[in-house]
Amino acid sequence: MKKITLLVAVFLLSQNLLFSQEKETKLNLFITCNFCDVSYVKQNLEYAEFVRDQNYADVHLFFRNQRNGSGGREYEIEFIGQNTYKDFQGKITFSTTSDNTSDEIRKLILKNIRFGLIRYWIKAGFKDKLSLKITKPKVNAGIVKEEVDAWNKWVFRVGAQGFFMGQETYKNRSLNFNVSARRVTEKNKFSFSLNFNDNKSVFKLDGMEDFVSKNSSKNASISNVFSINDHWSAGFFARAGSSDYDNKDLYASFLPAIEYNFFTYKESTKQQLKLAYKVGAMYANYTEKTVFNKFEEYLWNHDLSLQGSVYKTWGTINGSISYESYLHDASLNEFSFSLGTNVRLFKGFSFNVNGDYNITNNQISLPAGNLSVEEILLRQQQIKSGYNYFFMAGINYTFGSRFNSVVNPRFGF
């Protein structure tokens, strides 16, 4: 028994020694990115060991992103050196387009991670393992021609989707068509979209006639926003369409708007706190007479909102508060609250909350009369409700081995 115990102790000691030697030849990294293919990065990044907690890391890779004018994303990687690397701090920014595939995006992310880690690798003693190649630009007669954008920053998209499912007693199909145009510059952001949705469900019950549920909507929207300075923006939002669910054969609205960002817009990947106000006119032609005895009406309404977001290494927080009402009757209003956060409280322990709550006193399009049980259960039309909410909260605690670089995709878990 003593011999077996001694052999086990020697084996475990040898494994720890081998592991320690391997660890010394790699840079310990912690990555914060909920949109990256982390498995791909782990499999392809050289001289790196990924750890499960940022306190164990030599370098913390913190990712942020936001939508750009081409329909792609602008990415920012912040490289935060820790311990012996604490004097090395920096960031890299790069962009993708709407044409990039998922594989191209993950390769671009990996490429920029390598760029950002060069000086950390050099300090770690890997200088002889690195190589650098710079391609000189082609120059014709000493003049470099500036690339001309034939589309002048316009991006167009056309799409169609079909969803079909069923069983012996039930079948459903859903169709969607959409068209959009978008142009984004430093001074102006313009967006136009068209959408059509059509849904149909059929229920088959023994001895009864088939019950058919239909619901469709169409809408067009235009948004045009102008940059005034680093804190102020102004523009307008226009919308028109129809909706079976909202009891509207036709609706249209036009709302001029103004916004103030307490931080500069250039800091938007890190933090934002925006106060916005919209006021304008609305028109509605109803499918059925409403509870206010209206078949059509012209209205004025306004909307005041405060939205904030923070993206830090300890976590993220997003929240908003808004108030909306009709000008002819302030009692027809809506209050909305939302909060989303994922915060790392201490080593291995994180807390997250996501939810929204709306107090609704402005359902002016509700049809008069009583709805059938089928219409209510199948949500064919909107019904009166003084509030609606969504809430989710959770905690996570991680402990155990601090290294997690191994990728094993077998059986998908």
# chains A, B, ... in the order shown; residues from 1 in each chain; ligands from 1
$ residues_around --residues "segment 215-229 of chain A" --least-positions-apart "6" --cutoff "8 Å" --atoms "only C-alpha atoms" --output "number ranges by chain"
A: 186-200, 235-245, 380
$ select_by_dssp --residues "segment 216-390 of chain A" --states "helix (DSSP H, G or I)" --output "CSV table (one decimal) with C-alpha atoms, in the first residue's frame"
chain,number,residue,atom,x,y,z
A,265,TYR,CA,-19.8,60.2,-29.0
A,266,LYS,CA,-16.2,59.1,-29.6
A,267,GLU,CA,-16.4,57.3,-26.2
A,373,VAL,CA,-61.2,33.0,-26.7
A,374,GLU,CA,-59.4,31.9,-29.8
A,375,GLU,CA,-58.3,35.5,-30.7
A,376,ILE,CA,-57.0,36.0,-27.1
A,377,LEU,CA,-55.1,32.7,-26.8
$ atom_distance --atom1 "atom CA of Tyr283 of chain A" --atom2 "atom CA of Glu296 of chain A"
7.5 Å
$ residues_around --residues "segment 24-35 of chain A" --least-positions-apart "3" --cutoff "10 Å" --atoms "only C-alpha atoms" --output "PyMOL selection string"
chain A and resi 19-21+38+41+46-65+77-81+106+117+120-121+124-126+312-315+403-405
$ write_last_selection --atoms "C-alpha atoms" --output "compact mmCIF listing (two decimals), in the first residue's frame"
# COMPACT_ATOMS: atom_id res chain seq x y z
CA PHE A 19 2.66 21.48 -16.28
CA SER A 20 4.74 24.18 -14.60
CA GLN A 21 7.41 23.93 -17.30
CA VAL A 38 -13.08 31.78 -28.46
CA VAL A 41 -8.71 31.65 -30.92
CA GLU A 46 0.57 30.61 -30.42
CA TYR A 47 2.46 30.78 -27.10
CA ALA A 48 -0.68 31.52 -25.10
CA GLU A 49 -2.43 29.89 -22.18
CA PHE A 50 -6.01 30.98 -21.47
CA VAL A 51 -6.99 31.28 -17.82
CA ARG A 52 -10.47 31.32 -16.31
CA ASP A 53 -10.02 34.42 -14.13
CA GLN A 54 -8.57 37.79 -15.08
CA ASN A 55 -6.51 37.94 -11.86
CA TYR A 56 -4.40 35.07 -13.17
CA ALA A 57 -3.71 36.74 -16.52
CA ASP A 58 -0.57 38.46 -17.76
CA VAL A 59 -2.75 40.22 -20.34
CA HIS A 60 -6.51 40.87 -20.28
CA LEU A 61 -8.05 41.14 -23.76
CA PHE A 62 -11.21 43.23 -23.49
CA PHE A 63 -13.41 43.47 -26.61
CA ARG A 64 -15.98 46.11 -27.56
CA ASN A 65 -17.89 46.53 -30.80
CA ILE A 77 -9.52 45.29 -28.46
CA GLU A 78 -8.07 46.77 -25.29
CA PHE A 79 -4.87 45.06 -24.14
CA ILE A 80 -4.49 45.42 -20.37
CA GLY A 81 -1.12 44.29 -19.07
CA ARG A 106 -12.70 35.22 -36.66
CA LEU A 117 0.43 40.76 -28.24
CA TYR A 120 4.09 41.17 -24.60
CA TRP A 121 5.66 38.20 -26.40
CA ALA A 124 8.24 37.24 -22.30
CA GLY A 125 11.34 36.22 -24.27
CA PHE A 126 9.78 35.05 -27.56
CA LYS A 312 -15.61 48.01 -18.27
CA THR A 313 -13.30 45.13 -17.47
CA TRP A 314 -15.38 44.33 -14.37
CA GLY A 315 -18.55 43.97 -16.43
CA PHE A 403 -6.20 27.08 -17.11
CA ASN A 404 -8.75 26.47 -19.87
CA SER A 405 -6.92 26.52 -23.22
$ closest_residue --among "A:Val155, A:Thr185, A:Asp230, A:Met165" --to "Val202 of chain A" --atoms "only C-alpha atoms"
A:Met165
$ atom_distance --atom1 "atom CA of Lys111 of chain A" --atom2 "atom CA of Ser401 of chain A"
28.0 Å
$ decode --residues "segment 260-299 of chain A" --atoms "N, CA and C atoms" --output "PDB file, in the first residue's frame"
ATOM      1  N   TYR A 260     -28.849  64.571 -26.567  1.00  0.00           N
ATOM      2  CA  TYR A 260     -27.626  65.064 -25.933  1.00  0.00           C
ATOM      3  C   TYR A 260     -26.921  63.901 -25.250  1.00  0.00           C
ATOM      4  N   ASN A 261     -25.647  63.710 -25.559  1.00  0.00           N
ATOM      5  CA  ASN A 261     -24.829  62.667 -24.939  1.00  0.00           C
ATOM      6  C   ASN A 261     -23.911  63.335 -23.912  1.00  0.00           C
ATOM      7  N   PHE A 262     -24.033  62.946 -22.640  1.00  0.00           N
ATOM      8  CA  PHE A 262     -23.222  63.559 -21.595  1.00  0.00           C
ATOM      9  C   PHE A 262     -21.741  63.242 -21.765  1.00  0.00           C
ATOM     10  N   PHE A 263     -21.429  62.125 -22.417  1.00  0.00           N
ATOM     11  CA  PHE A 263     -20.068  61.825 -22.817  1.00  0.00           C
ATOM     12  C   PHE A 263     -19.940  62.158 -24.307  1.00  0.00           C
ATOM     13  N   THR A 264     -18.735  62.222 -24.817  1.00  0.00           N
ATOM     14  CA  THR A 264     -18.578  62.457 -26.257  1.00  0.00           C
ATOM     15  C   THR A 264     -18.929  61.183 -27.012  1.00  0.00           C
ATOM     16  N   TYR A 265     -19.432  61.353 -28.236  1.00  0.00           N
ATOM     17  CA  TYR A 265     -19.805  60.200 -29.040  1.00  0.00           C
ATOM     18  C   TYR A 265     -18.602  59.311 -29.362  1.00  0.00           C
ATOM     19  N   LYS A 266     -17.397  59.865 -29.324  1.00  0.00           N
ATOM     20  CA  LYS A 266     -16.199  59.077 -29.589  1.00  0.00           C
ATOM     21  C   LYS A 266     -15.938  58.050 -28.490  1.00  0.00           C
ATOM     22  N   GLU A 267     -16.563  58.235 -27.332  1.00  0.00           N
ATOM     23  CA  GLU A 267     -16.408  57.296 -26.218  1.00  0.00           C
ATOM     24  C   GLU A 267     -17.494  56.228 -26.215  1.00  0.00           C
ATOM     25  N   SER A 268     -18.260  56.119 -27.302  1.00  0.00           N
ATOM     26  CA  SER A 268     -19.455  55.278 -27.296  1.00  0.00           C
ATOM     27  C   SER A 268     -19.165  53.800 -27.063  1.00  0.00           C
ATOM     28  N   THR A 269     -17.959  53.323 -27.412  1.00  0.00           N
ATOM     29  CA  THR A 269     -17.656  51.914 -27.153  1.00  0.00           C
ATOM     30  C   THR A 269     -17.400  51.645 -25.675  1.00  0.00           C
ATOM     31  N   LYS A 270     -17.123  52.702 -24.896  1.00  0.00           N
ATOM     32  CA  LYS A 270     -16.829  52.538 -23.475  1.00  0.00           C
ATOM     33  C   LYS A 270     -17.992  52.941 -22.586  1.00  0.00           C
ATOM     34  N   GLN A 271     -18.619  54.086 -22.915  1.00  0.00           N
ATOM     35  CA  GLN A 271     -19.687  54.581 -22.046  1.00  0.00           C
ATOM     36  C   GLN A 271     -20.558  55.584 -22.808  1.00  0.00           C
ATOM     37  N   GLN A 272     -21.839  55.567 -22.471  1.00  0.00           N
ATOM     38  CA  GLN A 272     -22.791  56.504 -23.067  1.00  0.00           C
ATOM     39  C   GLN A 272     -23.838  56.868 -22.016  1.00  0.00           C
ATOM     40  N   LEU A 273     -24.301  58.095 -22.060  1.00  0.00           N
ATOM     41  CA  LEU A 273     -25.453  58.529 -21.273  1.00  0.00           C
ATOM     42  C   LEU A 273     -26.178  59.571 -22.116  1.00  0.00           C
ATOM     43  N   LYS A 274     -27.299  59.166 -22.726  1.00  0.00           N
ATOM     44  CA  LYS A 274     -27.962  59.985 -23.738  1.00  0.00           C
ATOM     45  C   LYS A 274     -29.382  60.360 -23.302  1.00  0.00           C
ATOM     46  N   LEU A 275     -29.673  61.654 -23.416  1.00  0.00           N
ATOM     47  CA  LEU A 275     -31.011  62.172 -23.156  1.00  0.00           C
ATOM     48  C   LEU A 275     -31.612  62.584 -24.493  1.00  0.00           C
ATOM     49  N   ALA A 276     -32.761  61.985 -24.845  1.00  0.00           N
ATOM     50  CA  ALA A 276     -33.372  62.239 -26.155  1.00  0.00           C
ATOM     51  C   ALA A 276     -34.828  62.659 -25.997  1.00  0.00           C
ATOM     52  N   TYR A 277     -35.267  63.531 -26.908  1.00  0.00           N
ATOM     53  CA  TYR A 277     -36.661  63.991 -26.896  1.00  0.00           C
ATOM     54  C   TYR A 277     -37.202  63.971 -28.320  1.00  0.00           C
ATOM     55  N   LYS A 278     -38.404  63.366 -28.478  1.00  0.00           N
ATOM     56  CA  LYS A 278     -39.083  63.312 -29.767  1.00  0.00           C
ATOM     57  C   LYS A 278     -40.490  63.887 -29.598  1.00  0.00           C
ATOM     58  N   VAL A 279     -40.949  64.628 -30.591  1.00  0.00           N
ATOM     59  CA  VAL A 279     -42.312  65.152 -30.578  1.00  0.00           C
ATOM     60  C   VAL A 279     -42.797  65.248 -32.013  1.00  0.00           C
ATOM     61  N   GLY A 280     -44.059  64.836 -32.251  1.00  0.00           N
ATOM     62  CA  GLY A 280     -44.533  64.879 -33.620  1.00  0.00           C
ATOM     63  C   GLY A 280     -45.973  64.428 -33.766  1.00  0.00           C
ATOM     64  N   ALA A 281     -46.380  64.264 -35.029  1.00  0.00           N
ATOM     65  CA  ALA A 281     -47.766  63.961 -35.369  1.00  0.00           C
ATOM     66  C   ALA A 281     -47.921  62.502 -35.778  1.00  0.00           C
ATOM     67  N   MET A 282     -49.138  61.965 -35.517  1.00  0.00           N
ATOM     68  CA  MET A 282     -49.452  60.593 -35.867  1.00  0.00           C
ATOM     69  C   MET A 282     -50.840  60.529 -36.495  1.00  0.00           C
ATOM     70  N   TYR A 283     -51.021  59.559 -37.412  1.00  0.00           N
ATOM     71  CA  TYR A 283     -52.331  59.313 -38.011  1.00  0.00           C
ATOM     72  C   TYR A 283     -52.607  57.820 -37.952  1.00  0.00           C
ATOM     73  N   ALA A 284     -53.874  57.456 -37.673  1.00  0.00           N
ATOM     74  CA  ALA A 284     -54.245  56.050 -37.640  1.00  0.00           C
ATOM     75  C   ALA A 284     -55.640  55.853 -38.230  1.00  0.00           C
ATOM     76  N   ASN A 285     -55.775  54.856 -39.100  1.00  0.00           N
ATOM     77  CA  ASN A 285     -57.052  54.414 -39.645  1.00  0.00           C
ATOM     78  C   ASN A 285     -57.252  52.984 -39.163  1.00  0.00           C
ATOM     79  N   TYR A 286     -58.290  52.748 -38.339  1.00  0.00           N
ATOM     80  CA  TYR A 286     -58.429  51.480 -37.637  1.00  0.00           C
ATOM     81  C   TYR A 286     -59.272  50.471 -38.418  1.00  0.00           C
ATOM     82  N   THR A 287     -58.940  49.200 -38.236  1.00  0.00           N
ATOM     83  CA  THR A 287     -59.691  48.114 -38.882  1.00  0.00           C
ATOM     84  C   THR A 287     -61.095  48.016 -38.292  1.00  0.00           C
ATOM     85  N   GLU A 288     -61.165  48.073 -36.972  1.00  0.00           N
ATOM     86  CA  GLU A 288     -62.436  48.064 -36.272  1.00  0.00           C
ATOM     87  C   GLU A 288     -62.528  49.295 -35.371  1.00  0.00           C
ATOM     88  N   LYS A 289     -63.723  49.695 -35.044  1.00  0.00           N
ATOM     89  CA  LYS A 289     -63.923  50.848 -34.166  1.00  0.00           C
ATOM     90  C   LYS A 289     -63.233  50.595 -32.829  1.00  0.00           C
ATOM     91  N   THR A 290     -62.545  51.615 -32.322  1.00  0.00           N
ATOM     92  CA  THR A 290     -61.771  51.447 -31.093  1.00  0.00           C
ATOM     93  C   THR A 290     -62.644  51.655 -29.857  1.00  0.00           C
ATOM     94  N   VAL A 291     -62.042  51.393 -28.681  1.00  0.00           N
ATOM     95  CA  VAL A 291     -62.752  51.592 -27.415  1.00  0.00           C
ATOM     96  C   VAL A 291     -63.050  53.072 -27.183  1.00  0.00           C
ATOM     97  N   PHE A 292     -62.391  53.968 -27.938  1.00  0.00           N
ATOM     98  CA  PHE A 292     -62.669  55.396 -27.847  1.00  0.00           C
ATOM     99  C   PHE A 292     -63.627  55.847 -28.956  1.00  0.00           C
ATOM    100  N   ASN A 293     -64.298  54.868 -29.601  1.00  0.00           N
ATOM    101  CA  ASN A 293     -65.300  55.146 -30.622  1.00  0.00           C
ATOM    102  C   ASN A 293     -64.700  55.874 -31.835  1.00  0.00           C
ATOM    103  N   LYS A 294     -63.492  55.469 -32.238  1.00  0.00           N
ATOM    104  CA  LYS A 294     -62.800  56.097 -33.363  1.00  0.00           C
ATOM    105  C   LYS A 294     -62.558  55.078 -34.478  1.00  0.00           C
ATOM    106  N   PHE A 295     -62.792  55.529 -35.724  1.00  0.00           N
ATOM    107  CA  PHE A 295     -62.378  54.756 -36.894  1.00  0.00           C
ATOM    108  C   PHE A 295     -61.079  55.307 -37.483  1.00  0.00           C
ATOM    109  N   GLU A 296     -60.827  56.579 -37.228  1.00  0.00           N
ATOM    110  CA  GLU A 296     -59.558  57.192 -37.604  1.00  0.00           C
ATOM    111  C   GLU A 296     -59.339  58.423 -36.734  1.00  0.00           C
ATOM    112  N   GLU A 297     -58.059  58.822 -36.609  1.00  0.00           N
ATOM    113  CA  GLU A 297     -57.761  60.011 -35.809  1.00  0.00           C
ATOM    114  C   GLU A 297     -56.346  60.518 -36.096  1.00  0.00           C
ATOM    115  N   TYR A 298     -56.191  61.837 -35.844  1.00  0.00           N
ATOM    116  CA  TYR A 298     -54.893  62.500 -35.915  1.00  0.00           C
ATOM    117  C   TYR A 298     -54.483  62.880 -34.497  1.00  0.00           C
ATOM    118  N   LEU A 299     -53.250  62.600 -34.152  1.00  0.00           N
ATOM    119  CA  LEU A 299     -52.796  62.831 -32.778  1.00  0.00           C
ATOM    120  C   LEU A 299     -51.391  63.431 -32.763  1.00  0.00           C
TER     121      LEU A 299
END
